[in-house]
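Reviewing the structure listed below.
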Amino acid sequence: MSPERADSHDGHPSIVTMPEDFETFYQREFRQVVALAYSLSGSRVAAEDLAQEAFIAAHQQWEKVGRYEAPGAWVRRVVSNKSISLFRRRTSEVKAVTRLAMRRQIPLPEIATDDDEFWKVVRDLPKRQAQAVALFYLEDRPVVEVAKILGCTESTAKVHLHKARKALAKRLKLDEGEWA
Amino acid sequence: MTLDDRARHAAEAVRESVASAELMLFEAGVPGARKSERPTARVRALAFGGAFAVVVLVVGLSLLPGRLFAPDDSRVAGQSAQPTGQDVVIVPPEDRVPPGAVSPNSVGTQAPPGVVDGRFDQVLNLTIVSPFDGEEVSDESVTFSGTVAPGSRVFARTADLAEAEVDAEGNWSIRLLVQAPATNARFFAEDTAGNQSSDVSVTVIYTPPSPDATFVPDPPEDDPSEGPSDDDQSASEGIPPTVAFTASQEFGSGSREEAFDIYSGTATPDDRIRVGSDYGQGGERADVAGEWSIRVPFRQAPLGEPFTVTVTNLETGESFEFEFTPTS
């Protein structure tokens with residue numbers, strides 16, 4: 001018996017698939033997405049909120065997003081865009097601060113000054129370069145996956161990373177070295 | 001210290017910070033559970049309002065001639081005289097879900113009536129016999145089977161509500177594709193009178209096989225100096241491989257100020273793919289790996305009104321339709 005096939009509206013049969021269980025997906029991905037939001041927003045208060053918003057958006061469209069080859073990439077793209085957007089970051093920060101006041105939540109622990117400075121310089125980069133750096137180093141992803149998340153070609157992602165590394169090395173007065 | 005060393009150190013610092021943080025993880029797997037934090041203020045308000053109402057009621061009643069309560073009814077008086085927040089118990093929605101209830105894969109789902117456990121429904125005796133909950137499978141194509149009241153129909157909670165085959169004795173089965181690492185499959189039944197059962201569900205663990213070692217990555221599109229790789233046998237033979245035309249949409253909605261979507265899929269290499277709509281279009285040829293991706297900005301689209309986006313393979317005439325909705 002072949003897998004159940006349901007005709008799409010244009011007559012092309014489509015494979016009927018079941019989306020991954022959202023809870024499983026959430027438990028697996030949440031902390032990494034919070035880390036991404038933290039690195040790109042610089043806000044220990046708003047990072048979790050930004051991640052939550054991205055997962056809520058995913059959940060609302062889970063019937064579709066859950067069937068993607070890489071739903072995690074979709075969530076990361078959403079949170080990357082939200083985090084890098086100054087306006088959204090400040091709005092989330094206001095909401096998060098309000099929630100903190102009501103529930104006395106503990107924000108993300110501070111990181112060392114040198115590390116914090118690194119991410120500040122990253123956030124000063126053009127948007128795509130900052131996102132590429134965060135995905136490449138924070139999640140240790142190969143360039144092809146960085147490209148998928150950012151929705152660009154692999155060579156474009158390489159260009160973003162190349163330019164970002166050049167700028168970071170200059171600002172931080174470091175040896176650029178070879179890509180590890 | 002090189003840039004890579006500094007970057008990796010900073011990355012590790014962020015990971016450690018998040019790893020050690022007390023994050024508000026969802027317990028029921030439903031983002032609505034997050035809202036259980038928001039009712040905190042509402043809970044307090046309800047508790048205060050409820051307590052106040054009780055005080056007013058008791059004081060008012062006590063002033064009535066022929067009081068309802070005996071002056072020495074200390075138990076009632078004690079309860080009424082000291083209303084506290086604890087007297088008004090607000091049970092968050094997720095706490096009302098009885099054990100073994102259906103996995104909340106949809107927003108706001110609580111345990112529907114008739115569900116004894118996740119795999120059995122009392123209304124139409126819908127059961128899942130195979131696979132068992134948590135079973136590990138190595139093939140993405142899985143046959144789900146079970147029993148139901150004879151004469152009933154059984155459907156899977158897929159986008160198109162795929163229908164199972166049911167025999168005269170009420171044995172049903174359907175084959176579905178699952179995704180890694182785990183998939184929760186939900187089913188419901190419907191009898192001839194149109195009565196629907198509760199959902200029953202089962203979770204399977206799917207581990208896909210290792211990636212194909214001969215996978216050839218896409219060549220960089222922006223570097224025309226690189227010709228086809230030696231692994232590209234189709235190019236050396238001069239006969240392009242036939243690849244099924246598929247299309248998918250990345251978002252489906254977006255801020256009106258910077259509305260765009262990304263359409264991607266597969267097609268026979270070099271096929272021309274066009275994305276068209278009333279508010280934006282784009283086009284591209286499928287690459288040597290049979291993949292294509294088009295980013296289409298949408299301009300001047302009316303807020304909140306979905307419009308149709310058509311993706312067409314100009315070589316075969318096949319097309320897919322999607323909807324995009326500009327949001328605020």
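All residue names refer to the structure tokens as shown: chains lettered A, B, ... in order, residues numbered from 1 in each chain, ligands numbered from 1 in order.
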Report as a tab-separated table the residues of chain B within 7 Å of chain A, each with its shortest atom pair and distance in Å (one decimal), using only C-alpha atoms, ordered by chain and increasing residue number.
residue	atom	partner	partner_atom	distance
B:Met1	CA	A:Leu174	CA	6.9
B:Thr2	CA	A:Asp175	CA	4.9
B:Leu3	CA	A:Glu176	CA	5.2
B:Asp4	CA	A:Ala180	CA	6.9
B:Ala7	CA	A:Tyr137	CA	6.5
B:Arg8	CA	A:Tyr137	CA	6.1
B:Ala10	CA	A:Asp115	CA	4.4
B:Ala11	CA	A:Leu138	CA	4.7
B:Ala13	CA	A:Ile111	CA	6.1
B:Val14	CA	A:Ala35	CA	6.1
B:Arg15	CA	A:Ala35	CA	6.0
B:Ser17	CA	A:Pro109	CA	5.4
B:Val18	CA	A:Ala35	CA	6.0
B:Ala21	CA	A:Leu108	CA	5.5
B:Gly29	CA	A:Glu23	CA	4.2
B:Pro31	CA	A:Ile56	CA	5.7
B:Asn105	CA	A:Phe22	CA	6.4
B:Ser141	CA	A:Pro3	CA	6.6
B:Thr158	CA	A:Met18	CA	6.2
B:Ala159	CA	A:Glu63	CA	7.0
B:Asp160	CA	A:Ala6	CA	6.8
B:Ala162	CA	A:Ala6	CA	6.8
B:Ile174	CA	A:Glu4	CA	6.8
B:Arg175	CA	A:Pro3	CA	4.9
B:Leu176	CA	A:Pro3	CA	5.6
B:Leu177	CA	A:Thr17	CA	4.7
B:Val178	CA	A:Met18	CA	5.3
B:Gln179	CA	A:Glu20	CA	5.7
B:Ala180	CA	A:Glu20	CA	6.8
B:Ala182	CA	A:Glu20	CA	5.5
B:Thr183	CA	A:Glu20	CA	4.2
B:Asn184	CA	A:Asp21	CA	5.1
B:Ala185	CA	A:Met18	CA	6.4
B:Pro220	CA	A:Ser155	CA	5.2
B:Glu221	CA	A:Ser155	CA	6.8
B:Asp222	CA	A:Ser155	CA	6.4
B:Phe320	CA	A:Asp10	CA	6.8
Skip region 169-172 of chain B itself and residues of its chain fewer than 5 positions away, then list as a list of chain:residue names all residues within 10 Å of it, counting only C-alpha atoms.
B:Asn125, B:Leu126, B:Thr127, B:Ile128, B:Val129, B:Phe144, B:Ser145, B:Gly146, B:Thr147, B:Val148, B:Ala149, B:Pro150, B:Gly151, B:Ser152, B:Arg153, B:Val154, B:Phe155, B:Glu163, B:Ala164
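The coordinates place CA of Pro306 (chain B) at 10.9 Å from CA of Gly254 (chain B).
For the pair CA of Tyr279 (chain B) and CA of Glu250 (chain B), the separation is 17.1 Å.
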